[in-house]
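Listing of protein_13.cif; format and content: mmCIF, C-alpha atoms.
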data_start
#
loop_
_atom_site.label_atom_id
_atom_site.label_comp_id
_atom_site.auth_asym_id
_atom_site.auth_seq_id
_atom_site.Cartn_x
_atom_site.Cartn_y
_atom_site.Cartn_z
CA ASN A 1 0.00 0.00 0.00
CA ALA A 2 1.20 3.50 -0.84
CA GLY A 3 -0.76 5.03 2.07
CA VAL A 4 -1.58 8.73 1.64
CA THR A 5 -0.08 10.30 -1.48
CA GLN A 6 0.10 14.05 -1.95
CA THR A 7 1.06 15.86 -5.14
CA PRO A 8 2.85 18.06 -5.90
CA LYS A 9 5.59 18.13 -3.25
CA PHE A 10 6.46 21.76 -3.97
CA GLN A 11 4.57 24.57 -5.71
CA VAL A 12 5.14 28.27 -6.28
CA LEU A 13 2.16 30.39 -7.23
CA LYS A 14 1.64 34.05 -7.97
CA THR A 15 -1.00 35.97 -6.07
CA GLY A 16 -4.40 35.42 -7.66
CA GLN A 17 -3.59 32.11 -9.33
CA SER A 18 -5.62 29.03 -8.57
CA MET A 19 -4.47 25.46 -8.14
CA THR A 20 -5.50 22.07 -6.78
CA LEU A 21 -3.52 20.07 -4.26
CA GLN A 22 -4.10 16.39 -4.80
CA CYS A 23 -4.54 13.77 -2.08
CA ALA A 24 -5.20 10.08 -2.61
CA GLN A 25 -5.30 7.15 -0.20
CA ASP A 26 -5.46 3.43 -0.94
CA MET A 27 -6.49 2.20 2.51
CA ASN A 28 -10.27 2.47 1.96
CA HIS A 29 -10.47 5.11 4.68
CA GLU A 30 -13.78 6.91 5.06
CA TYR A 31 -12.39 9.97 6.85
CA MET A 32 -10.04 12.41 5.13
CA SER A 33 -8.81 15.85 6.15
CA TRP A 34 -6.58 18.74 5.17
CA TYR A 35 -4.33 20.64 7.59
CA ARG A 36 -1.95 23.51 7.11
CA GLN A 37 1.21 23.86 9.17
CA ASP A 38 2.76 27.24 9.82
CA PRO A 39 5.76 28.02 12.06
CA GLY A 40 4.66 28.52 15.65
CA MET A 41 1.03 27.68 14.84
CA GLY A 42 1.02 23.91 14.83
CA LEU A 43 -1.44 22.18 12.51
CA ARG A 44 -4.78 23.78 11.77
CA LEU A 45 -7.70 21.94 10.19
CA ILE A 46 -8.93 23.38 6.89
CA HIS A 47 -11.63 20.94 5.72
CA TYR A 48 -12.56 17.36 6.38
CA SER A 49 -14.79 14.64 4.96
CA VAL A 50 -16.43 11.71 6.73
CA GLY A 51 -17.24 9.91 3.50
CA ALA A 52 -17.78 10.28 -0.23
CA GLY A 53 -20.11 13.16 -0.99
CA ILE A 54 -19.77 14.71 2.49
CA THR A 55 -17.45 17.59 3.38
CA ASP A 56 -17.33 20.08 6.22
CA GLN A 57 -15.31 23.08 7.32
CA GLY A 58 -12.55 23.05 9.87
CA GLU A 59 -10.89 25.87 11.77
CA VAL A 60 -9.48 27.83 8.79
CA PRO A 61 -11.61 27.13 5.67
CA ASN A 62 -11.61 30.56 4.01
CA GLY A 63 -9.99 30.62 0.58
CA TYR A 64 -10.17 26.85 0.14
CA ASN A 65 -12.67 24.46 -1.45
CA VAL A 66 -12.86 20.69 -1.28
CA SER A 67 -14.93 17.91 -2.81
CA ARG A 68 -15.11 14.17 -2.19
CA SER A 69 -16.50 12.38 -5.22
CA THR A 70 -14.73 9.10 -4.42
CA THR A 71 -13.53 7.39 -1.25
CA GLU A 72 -9.92 7.55 -2.46
CA ASP A 73 -9.50 11.20 -3.43
CA PHE A 74 -9.85 14.46 -1.53
CA PRO A 75 -8.48 17.42 -3.54
CA LEU A 76 -7.98 20.86 -2.00
CA ARG A 77 -8.55 23.86 -4.25
CA LEU A 78 -7.09 27.29 -3.74
CA LEU A 79 -9.44 29.65 -5.53
CA SER A 80 -7.29 32.80 -5.67
CA ALA A 81 -3.96 32.32 -3.95
CA ALA A 82 -2.79 34.90 -1.40
CA PRO A 83 0.60 35.24 0.32
CA SER A 84 -1.13 34.30 3.61
CA GLN A 85 -1.67 30.84 2.12
CA THR A 86 2.06 30.19 1.99
CA SER A 87 2.32 27.09 4.14
CA VAL A 88 2.91 23.35 4.25
CA TYR A 89 -0.27 21.42 3.56
CA PHE A 90 -0.90 17.93 4.90
CA CYS A 91 -3.59 15.49 3.94
CA ALA A 92 -4.53 12.82 6.48
CA SER A 93 -6.95 9.91 6.50
CA THR A 94 -8.32 7.31 8.86
CA PHE A 95 -10.93 4.58 8.81
CA ASP A 96 -13.39 6.31 11.18
CA ARG A 97 -13.96 9.65 12.87
CA PRO A 98 -11.37 10.86 15.42
CA ALA A 99 -13.74 10.42 18.37
CA ARG A 100 -13.93 6.71 17.51
CA ASN A 101 -10.29 6.17 18.53
CA SER A 102 -9.04 6.21 14.98
CA PRO A 103 -5.47 7.54 14.43
CA LEU A 104 -4.62 9.62 11.37
CA HIS A 105 -2.29 8.57 8.55
CA PHE A 106 -0.50 11.55 7.04
CA GLY A 107 0.93 12.25 3.62
CA ASN A 108 4.35 13.86 3.27
CA GLY A 109 2.98 17.30 2.57
CA THR A 110 2.92 19.94 -0.15
CA ARG A 111 5.09 23.00 0.43
CA LEU A 112 3.31 25.98 -1.17
CA THR A 113 4.78 29.44 -1.66
CA VAL A 114 2.62 32.31 -2.89
CA THR A 115 4.51 35.36 -4.14
CA SER B 1 -8.01 27.90 19.65
CA GLN B 2 -5.85 24.88 20.39
CA GLN B 3 -7.44 21.87 22.03
CA GLY B 4 -3.97 20.53 22.82
CA GLU B 5 -1.02 22.57 24.09
CA GLU B 6 2.41 21.01 24.60
CA ASP B 7 5.00 21.97 27.13
CA PRO B 8 7.92 22.61 26.85
CA GLN B 9 8.20 24.14 23.39
CA ALA B 10 11.73 22.78 23.07
CA LEU B 11 13.76 20.17 24.93
CA SER B 12 17.44 19.33 24.58
CA ILE B 13 18.87 16.18 26.20
CA GLN B 14 21.73 13.71 25.87
CA GLU B 15 21.41 10.21 24.48
CA GLY B 16 20.36 7.77 27.17
CA GLU B 17 18.35 10.34 29.14
CA ASN B 18 14.58 10.33 29.43
CA ALA B 19 12.44 12.96 27.73
CA THR B 20 9.10 14.08 29.12
CA MET B 21 6.60 16.21 27.25
CA ASN B 22 3.31 17.46 28.58
CA CYS B 23 0.03 18.29 26.92
CA SER B 24 -3.00 20.13 28.24
CA TYR B 25 -6.40 20.29 26.62
CA LYS B 26 -9.54 22.28 27.16
CA THR B 27 -12.69 20.25 26.63
CA SER B 28 -13.74 16.68 27.33
CA ILE B 29 -12.27 14.11 24.97
CA ASN B 30 -12.77 10.55 23.77
CA ASN B 31 -9.07 10.03 23.24
CA LEU B 32 -5.73 11.79 23.12
CA GLN B 33 -3.09 10.97 20.54
CA TRP B 34 0.63 11.63 20.19
CA TYR B 35 2.41 12.06 16.86
CA ARG B 36 6.02 12.54 15.80
CA GLN B 37 7.24 14.64 12.90
CA ASN B 38 10.74 14.39 11.50
CA SER B 39 12.02 17.46 9.68
CA GLY B 40 10.35 17.89 6.29
CA ARG B 41 8.08 14.89 6.69
CA GLY B 42 4.47 14.13 7.55
CA LEU B 43 3.32 13.26 11.05
CA VAL B 44 3.50 9.68 12.22
CA HIS B 45 1.10 8.31 14.82
CA LEU B 46 2.82 7.06 17.98
CA ILE B 47 0.18 6.14 20.51
CA LEU B 48 -3.50 6.70 21.33
CA ILE B 49 -4.89 6.68 24.83
CA ARG B 50 -8.63 6.49 25.44
CA SER B 51 -10.38 8.67 27.97
CA ASN B 52 -11.03 5.69 30.25
CA GLU B 53 -7.33 4.71 30.30
CA ARG B 54 -4.75 6.20 32.66
CA GLU B 55 -1.51 4.83 31.26
CA LYS B 56 -0.33 3.14 28.11
CA HIS B 57 3.02 1.76 26.96
CA SER B 58 4.51 1.13 23.56
CA GLY B 59 8.16 0.13 23.44
CA ARG B 60 10.14 3.02 24.97
CA LEU B 61 7.06 5.25 25.06
CA ARG B 62 4.85 5.74 28.07
CA VAL B 63 1.77 7.93 27.94
CA THR B 64 -0.36 8.98 30.89
CA LEU B 65 -3.73 10.69 30.89
CA ASP B 66 -5.33 12.62 33.75
CA THR B 67 -8.83 13.61 32.69
CA SER B 68 -9.46 15.47 35.96
CA LYS B 69 -6.57 17.81 35.16
CA LYS B 70 -7.15 17.65 31.39
CA SER B 71 -3.53 16.75 30.84
CA SER B 72 -1.34 14.06 29.33
CA SER B 73 2.35 13.32 29.30
CA LEU B 74 4.62 11.46 26.90
CA LEU B 75 7.76 9.86 28.30
CA ILE B 76 10.49 8.58 26.00
CA THR B 77 12.94 6.44 27.94
CA ALA B 78 16.61 5.94 27.05
CA SER B 79 16.47 8.52 24.24
CA ARG B 80 18.45 8.04 21.05
CA ALA B 81 19.67 10.57 18.49
CA ALA B 82 17.05 9.13 16.12
CA ASP B 83 14.32 10.38 18.50
CA THR B 84 15.18 13.95 17.48
CA ALA B 85 11.90 15.27 16.06
CA SER B 86 8.87 17.39 16.89
CA TYR B 87 6.18 15.76 18.99
CA PHE B 88 2.53 16.76 18.88
CA CYS B 89 -0.45 15.88 21.00
CA ALA B 90 -3.90 15.89 19.44
CA ALA B 91 -7.31 15.64 21.00
CA ASN B 92 -10.69 15.21 19.42
CA SER B 93 -12.70 18.40 19.60
CA GLY B 94 -16.18 17.17 18.89
CA TYR B 95 -16.94 13.93 17.11
CA SER B 96 -15.32 14.55 13.76
CA THR B 97 -12.28 16.74 14.22
CA LEU B 98 -8.84 16.31 15.74
CA THR B 99 -7.06 19.41 17.02
CA PHE B 100 -3.29 19.53 17.35
CA GLY B 101 -1.06 21.47 19.68
CA LYS B 102 1.94 23.50 18.54
CA GLY B 103 4.40 20.77 19.34
CA THR B 104 7.56 20.14 21.35
CA MET B 105 10.88 20.11 19.49
CA LEU B 106 13.11 17.42 20.96
CA LEU B 107 16.85 17.40 20.29
CA VAL B 108 18.80 14.36 21.44
CA SER B 109 22.55 14.85 21.26
CA PRO B 110 24.96 11.90 20.97
#
How does the structure come out when it is put into structure tokens?
Amino acid sequence: NAGVTQTPKFQVLKTGQSMTLQCAQDMNHEYMSWYRQDPGMGLRLIHYSVGAGITDQGEVPNGYNVSRSTTEDFPLRLLSAAPSQTSVYFCASTFDRPARNSPLHFGNGTRLTVT
Amino acid sequence: SQQGEEDPQALSIQEGENATMNCSYKTSINNLQWYRQNSGRGLVHLILIRSNEREKHSGRLRVTLDTSKKSSSLLITASRAADTASYFCAANSGYSTLTFGKGTMLLVSP
């Protein structure tokens, strides 16, 4: 199993550009989530999904869209990139919701710079 | 706001010593989890302790949970240089979300 795969690993965008960060998992996990990691801020939840067709907002959803058309894929879209979105983005998945004692499996991250 | 907050922010020890990190959280939880992150990599799950458990062991790791004080600790015994990493606690905030603290950076010197 590949686990959680994120692409690309690195990306540089200009302000106002849009892009999609890809996340795929091959573990048949129902729950998937996106976090961003900034220095001194820890990880903050952007969006999450408890199953195909269901998404919800996390702590910092503004400027990001998600969809979950399949169990395997959970892409994160930046609609109009801003320098404040410069960060490292992590996708994580697990078989059930966090309250059900289900640990997260993380991808290796996408490092995004917006100039 | 952070559900989990680690203390200290940074810890520097010698190989062979024990490392202790603490985590405090705000609201009631179903479980508390600890993760490790090596530089430039994703987080790796270390151990999960349920709210009805007080202590759990995994190899050189020992985790305690005190729900009355809303706190947890992670002890790494006989530390090795390879344990150098950032360590995060995470607690479920609600049914469907997991909130992470800001992490403790551990440096183990040979």
Neighbours of Gly101 in chain B within 6 Å (all atoms listed in the file; same-chain residues fewer than 6 positions away dropped), as a PDB file with C-alpha atoms, keeping the file's coordinate frame?
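Final output, saved to around-v4.pdb:
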ATOM      1  CA  GLY A  42       1.020  23.910  14.830  1.00  0.00           C
TER       2      GLY A  42
ATOM      3  CA  GLN B   2      -5.850  24.880  20.390  1.00  0.00           C
ATOM      4  CA  GLY B   4      -3.970  20.530  22.820  1.00  0.00           C
ATOM      5  CA  GLU B   5      -1.020  22.570  24.090  1.00  0.00           C
ATOM      6  CA  PHE B  88       2.530  16.760  18.880  1.00  0.00           C
ATOM      7  CA  CYS B  89      -0.450  15.880  21.000  1.00  0.00           C
TER       8      CYS B  89
END
Around the point (-21.0, 20.4, 16.6) in the file's coordinates, collect all residues with an atom within 12 Å, using all atoms listed in the file, and return them as a list in words. Asp56, Gln57 and Gly58 of chain A; Asn92, Ser93, Gly94, Tyr95, Ser96 and Thr97 of chain B
Atomic distance CA of Ala81 in chain B - CA of Leu107 in chain B, expressed in Å with one decimal: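 A separation of 7.6 Å between them.
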Protein, DNA and RNA residues within 7 Å of (-4.8, 12.8, 27.6), all atoms listed in the file, as a PyMOL selection string: chain B and resi 31-32+49+51+64-67+70-72
Starting from the shown file, work through the PyMOL selection byres ((chain A) within 12 of (chain B)) and note down what comes out as number ranges by chain. A: 3-6, 9-10, 30-51, 55-60, 88-111
Quick one: residues within 8 Å of range 67-83 of chain A, all atoms listed in the file counted, chain neighbours fewer than 2 positions away excluded, as a PyMOL selection string? chain A and resi 13-26+28-30+32-34+49+51-55+63-65+85-86+113-115
Name the residues in contact with Pro110 in chain B at a cut-off of 8 Å, using only C-alpha atoms, excluding same-chain residues fewer than 6 positions from it; report them as a list in words.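 Once the adjacent positions are removed, what remains is Gln14, Glu15, Arg80 and Ala81 of chain B.
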Rounded to one decimal, what separation in Å do you get between CA of Thr84 in chain B and CA of Val63 in chain B?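 Those two atoms sit 18.0 Å apart.
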Quote the spacing between CA of Ser58 in chain B and CA of Ala10 in chain B in Å to one decimal place. 22.8 Å
Among the residues B:Gln37, B:Asn22, B:Ser68, B:Leu74, the one that comes closest to Glu55 in chain B [using only C-alpha atoms]: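 Looking at the shortest contact to Glu55 in chain B, the residue is B:Leu74.
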Which residues would end up in the selection if the PyMOL selection byres ((chain B and resi 16) around 6) were applied here, given that I need the answer as a short mmCIF file (atom, residue, chain, number, x, y, z; two decimals) with C-alpha atoms, keeping the file's coordinate frame?
data_model
loop_
_atom_site.label_atom_id
_atom_site.label_comp_id
_atom_site.auth_asym_id
_atom_site.auth_seq_id
_atom_site.Cartn_x
_atom_site.Cartn_y
_atom_site.Cartn_z
CA GLU B 15 21.41 10.21 24.48
CA GLU B 17 18.35 10.34 29.14
CA ALA B 78 16.61 5.94 27.05
CA SER B 79 16.47 8.52 24.24
#
Would you pick out the contacts of Arg62 in chain B at 6 Å or less, using only C-alpha atoms, so that residues sharing its chain but fewer than 3 positions from it are not included, and give the list as a VMD selection string? chain B and resid 56 to 57 74 to 75
Filtering to N, CA and C atoms, could range 47-66 of chain A of the supplied structure be written out as a short mmCIF file (atom, residue, chain, number, x, y, z; two decimals), in the first residue's frame?
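Dumped to decode.cif:
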data_model
loop_
_atom_site.label_atom_id
_atom_site.label_comp_id
_atom_site.auth_asym_id
_atom_site.auth_seq_id
_atom_site.Cartn_x
_atom_site.Cartn_y
_atom_site.Cartn_z
N HIS A 47 -10.37 21.62 6.06
CA HIS A 47 -11.63 20.94 5.72
C HIS A 47 -11.48 19.46 6.03
N TYR A 48 -12.60 18.80 6.18
CA TYR A 48 -12.56 17.36 6.38
C TYR A 48 -13.78 16.72 5.72
N SER A 49 -13.70 15.39 5.59
CA SER A 49 -14.79 14.64 4.96
C SER A 49 -14.95 13.32 5.69
N VAL A 50 -16.18 12.98 6.03
CA VAL A 50 -16.43 11.71 6.73
C VAL A 50 -16.87 10.61 5.77
N GLY A 51 -16.91 10.92 4.50
CA GLY A 51 -17.24 9.91 3.50
C GLY A 51 -17.49 10.56 2.16
N ALA A 52 -17.55 9.76 1.12
CA ALA A 52 -17.78 10.28 -0.23
C ALA A 52 -19.06 11.09 -0.27
N GLY A 53 -18.97 12.28 -0.86
CA GLY A 53 -20.11 13.16 -0.99
C GLY A 53 -20.37 14.07 0.19
N ILE A 54 -19.55 13.94 1.26
CA ILE A 54 -19.77 14.71 2.49
C ILE A 54 -18.50 15.46 2.85
N THR A 55 -18.59 16.80 2.95
CA THR A 55 -17.45 17.59 3.38
C THR A 55 -17.93 18.61 4.42
N ASP A 56 -16.98 19.09 5.21
CA ASP A 56 -17.33 20.08 6.22
C ASP A 56 -16.11 20.95 6.48
N GLN A 57 -16.37 22.12 7.08
CA GLN A 57 -15.31 23.08 7.32
C GLN A 57 -14.61 22.81 8.64
N GLY A 58 -13.31 23.11 8.65
CA GLY A 58 -12.55 23.05 9.87
C GLY A 58 -12.36 24.43 10.46
N GLU A 59 -11.18 24.63 11.05
CA GLU A 59 -10.89 25.87 11.77
C GLU A 59 -10.59 27.04 10.83
N VAL A 60 -9.93 26.76 9.69
CA VAL A 60 -9.48 27.83 8.79
C VAL A 60 -9.88 27.54 7.34
N PRO A 61 -11.17 27.53 7.00
CA PRO A 61 -11.61 27.13 5.67
C PRO A 61 -11.58 28.20 4.59
N ASN A 62 -11.46 29.48 4.99
CA ASN A 62 -11.61 30.56 4.01
C ASN A 62 -10.51 30.53 2.97
N GLY A 63 -10.94 30.63 1.69
CA GLY A 63 -9.99 30.62 0.58
C GLY A 63 -9.73 29.24 0.01
N TYR A 64 -10.39 28.23 0.58
CA TYR A 64 -10.17 26.85 0.14
C TYR A 64 -11.51 26.16 -0.14
N ASN A 65 -11.51 25.31 -1.16
CA ASN A 65 -12.67 24.46 -1.45
C ASN A 65 -12.24 23.01 -1.50
N VAL A 66 -13.14 22.12 -1.16
CA VAL A 66 -12.86 20.69 -1.28
C VAL A 66 -14.08 19.99 -1.87
#
